[in-house]
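Scroll down for the structure; my scribbles are underneath it.
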Amino acid sequence: MALAARGATQLAGLLLSALGWVFSVITAYLPHWKRLTLELNEMESWTLGLWQACVVRDEVGTQCKDFDSFLALPVELRVSRALMFLSHGLGLLGLLASGCGLDCSRVGEGRRGRKRRLLALGGALCWAAGAAALAPVSWVAHVTVREFWDDTVPEVVPRWEFGEALFLGWFAGFSLLLGGCLVTGAACWPRAPQAAGQDPAAEAQARCPCLENGTAAPRA
């Protein structure tokens with residue numbers, strides 16, 4: 001029963017981390033970090049992302065233009081690019097390490113200490129990837145709120161608001177954080193003592209019969 005709960009926790013953490021990583025990649029390239037609607041022309045709206053700005057017109061559709069200069073961007077967008085790239089790299093390494101450290105994985109089979117360290121490392125990397133994804137999203141949201149309520153700007157000037165990508169980025173970051181915590185917790189899960197003379201390969205096969213002979217179908 002303990003082995004089944006440990007394996008379920010590992011898989012849940014890995015799947016949640018993978019979901020968060022995919023959403024963080026999507027968030028980085030969506031041009032919807034900020035949204036601006038003109039009161040004088042409600043048929044036209046603007047969106048802003050890390051890589052391009054878009055204008056949406058009801059008659060024409062969506063037209064986007066990439067930023068010409070990286071140095072001309074606001075500091076929060078420049079730093080957000082770097083942090084999102086860092087999140088993607090850490091998340092990918094965390095998923096690879098966690099996958100190799102699973103009890104059902106044949107990598108390092110029979111070496112419990114090494115698999116546990118891989119699992120703990122993968123969880124820590126996924127957790128760091130979640131923090132790196134939450135930081136730029138929260139920073140851009142903070143700047144947007146500060147500029148929206150800036151009393152020094154005349155009221156007739158349009159104000160940027162939250163875009164859909166910010167909410168997706170928050171979901172991605174928290175998914176990576178939770179997934180990393182589950183994977184790390186599974187690495188610290190106490191193992192049942194191994195019986196004397198028991199073959200480690202046979203024990204792994206008993207926990208994961210679906211891996212027998214390399215097939216995906218479990219034994220009857």
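Here, A, B, ... name the chains of the structure tokens in the order displayed, residue numbers run from 1 inside each chain, and ligands are numbered from 1 in the same displayed order.
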
I'd like the contact shell of Gly91 (chain A) - 12 Å cut-off, only C-alpha atoms, skipping same-chain residues fewer than 2 positions apart - returned as a ChimeraX atom specification. /A:14,16-25,83-89,93-98,121-133,172-173,175-177,179-180

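Using only C-alpha atoms, the nearest neighbour of Glu164 (chain A) within the list A:Arg114, A:Arg6, A:Arg35, A:Arg57 is A:Arg35.
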
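CA of Ala5 (chain A) is found 9.6 Å from CA of Trp189 (chain A).
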
Provide the CA of Thr27 (chain A) to CA of Phe171 (chain A) distance in Å, to one decimal place. 10.0 Å

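Picture a line from CA of Arg78 (chain A) to CA of Leu168 (chain A); it runs 19.4 Å.
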
Compile the contact shell of Gly49 (chain A) as a ChimeraX atom specification: residues with an atom at most 10 Å away, counting only C-alpha atoms, same-chain residues fewer than 2 positions apart removed. /A:27-35,47,51-54,66-67,77,163,165-166

Every residue of region 45-172 of chain A that DSSP places in alpha helix (DSSP H), as a ChimeraX atom specification: /A:75-101,112-148,164-172

Output file for the residues above (C-alpha atoms, as a tab-separated table (two decimals), in the first residue's frame):
```
chain	number	residue	atom	x	y	z
A	75	VAL	CA	12.97	46.76	-17.77
A	76	GLU	CA	10.23	44.40	-16.56
A	77	LEU	CA	9.79	42.94	-20.05
A	78	ARG	CA	13.53	42.50	-20.58
A	79	VAL	CA	13.99	40.70	-17.27
A	80	SER	CA	10.83	38.66	-17.87
A	81	ARG	CA	12.29	37.25	-21.07
A	82	ALA	CA	15.38	36.01	-19.24
A	83	LEU	CA	13.39	34.58	-16.33
A	84	MET	CA	10.98	32.74	-18.60
A	85	PHE	CA	13.89	31.19	-20.50
A	86	LEU	CA	15.42	30.19	-17.15
A	87	SER	CA	12.11	28.65	-16.10
A	88	HIS	CA	11.91	26.60	-19.30
A	89	GLY	CA	15.44	25.27	-18.90
A	90	LEU	CA	15.05	24.40	-15.23
A	91	GLY	CA	11.67	22.81	-15.86
A	92	LEU	CA	12.97	20.61	-18.67
A	93	LEU	CA	15.93	19.43	-16.59
A	94	GLY	CA	13.60	18.81	-13.65
A	95	LEU	CA	11.24	16.69	-15.75
A	96	LEU	CA	14.13	14.61	-17.11
A	97	ALA	CA	15.65	14.05	-13.66
A	98	SER	CA	12.26	13.24	-12.11
A	99	GLY	CA	11.42	10.79	-14.89
A	100	CYS	CA	14.72	8.95	-14.39
A	101	GLY	CA	14.16	8.83	-10.63
A	112	ARG	CA	18.00	3.21	-4.56
A	113	GLY	CA	20.17	6.03	-3.34
A	114	ARG	CA	20.89	7.34	-6.83
A	115	LYS	CA	17.23	7.19	-7.91
A	116	ARG	CA	16.16	8.99	-4.74
A	117	ARG	CA	18.72	11.74	-5.37
A	118	LEU	CA	17.54	12.09	-8.97
A	119	LEU	CA	13.94	12.37	-7.78
A	120	ALA	CA	14.84	14.99	-5.17
A	121	LEU	CA	16.89	16.94	-7.72
A	122	GLY	CA	14.07	16.84	-10.25
A	123	GLY	CA	11.58	18.10	-7.69
A	124	ALA	CA	13.87	20.94	-6.64
A	125	LEU	CA	14.42	21.98	-10.28
A	126	CYS	CA	10.67	21.96	-11.00
A	127	TRP	CA	10.09	24.05	-7.88
A	128	ALA	CA	12.75	26.53	-9.02
A	129	ALA	CA	11.18	26.62	-12.49
A	130	GLY	CA	7.83	27.51	-10.93
A	131	ALA	CA	9.38	30.34	-8.94
A	132	ALA	CA	11.15	31.62	-12.07
A	133	ALA	CA	7.83	31.60	-13.95
A	134	LEU	CA	5.87	33.34	-11.20
A	135	ALA	CA	8.40	36.15	-10.74
A	136	PRO	CA	8.06	37.84	-14.17
A	137	VAL	CA	4.29	37.37	-14.32
A	138	SER	CA	3.83	38.90	-10.88
A	139	TRP	CA	6.27	41.72	-11.65
A	140	VAL	CA	4.43	42.70	-14.86
A	141	ALA	CA	1.13	42.53	-12.97
A	142	HIS	CA	2.54	44.77	-10.22
A	143	VAL	CA	3.77	47.36	-12.74
A	144	THR	CA	0.41	47.26	-14.53
A	145	VAL	CA	-1.49	47.93	-11.30
A	146	ARG	CA	0.91	50.71	-10.27
A	147	GLU	CA	0.60	52.47	-13.63
A	148	PHE	CA	-3.18	51.99	-13.71
A	164	GLU	CA	-4.99	36.51	-20.34
A	165	ALA	CA	-1.35	35.37	-20.40
A	166	LEU	CA	-0.80	36.59	-16.85
A	167	PHE	CA	-3.46	34.27	-15.45
A	168	LEU	CA	-2.08	31.38	-17.51
A	169	GLY	CA	1.39	32.16	-16.20
A	170	TRP	CA	0.19	32.12	-12.59
A	171	PHE	CA	-1.43	28.74	-13.16
A	172	ALA	CA	1.75	27.41	-14.79
```

Residues of region 9-220 of chain A in strand (DSSP E or B), written as an MDAnalysis selection string: chainID A and resid 34:37 44:48 52:57 61:66 161:162

Residue with smallest distance to Asp103 (chain A) - pool A:Ala187, A:Val56, A:Ile26, A:Leu15, counting only C-alpha atoms: A:Ala187
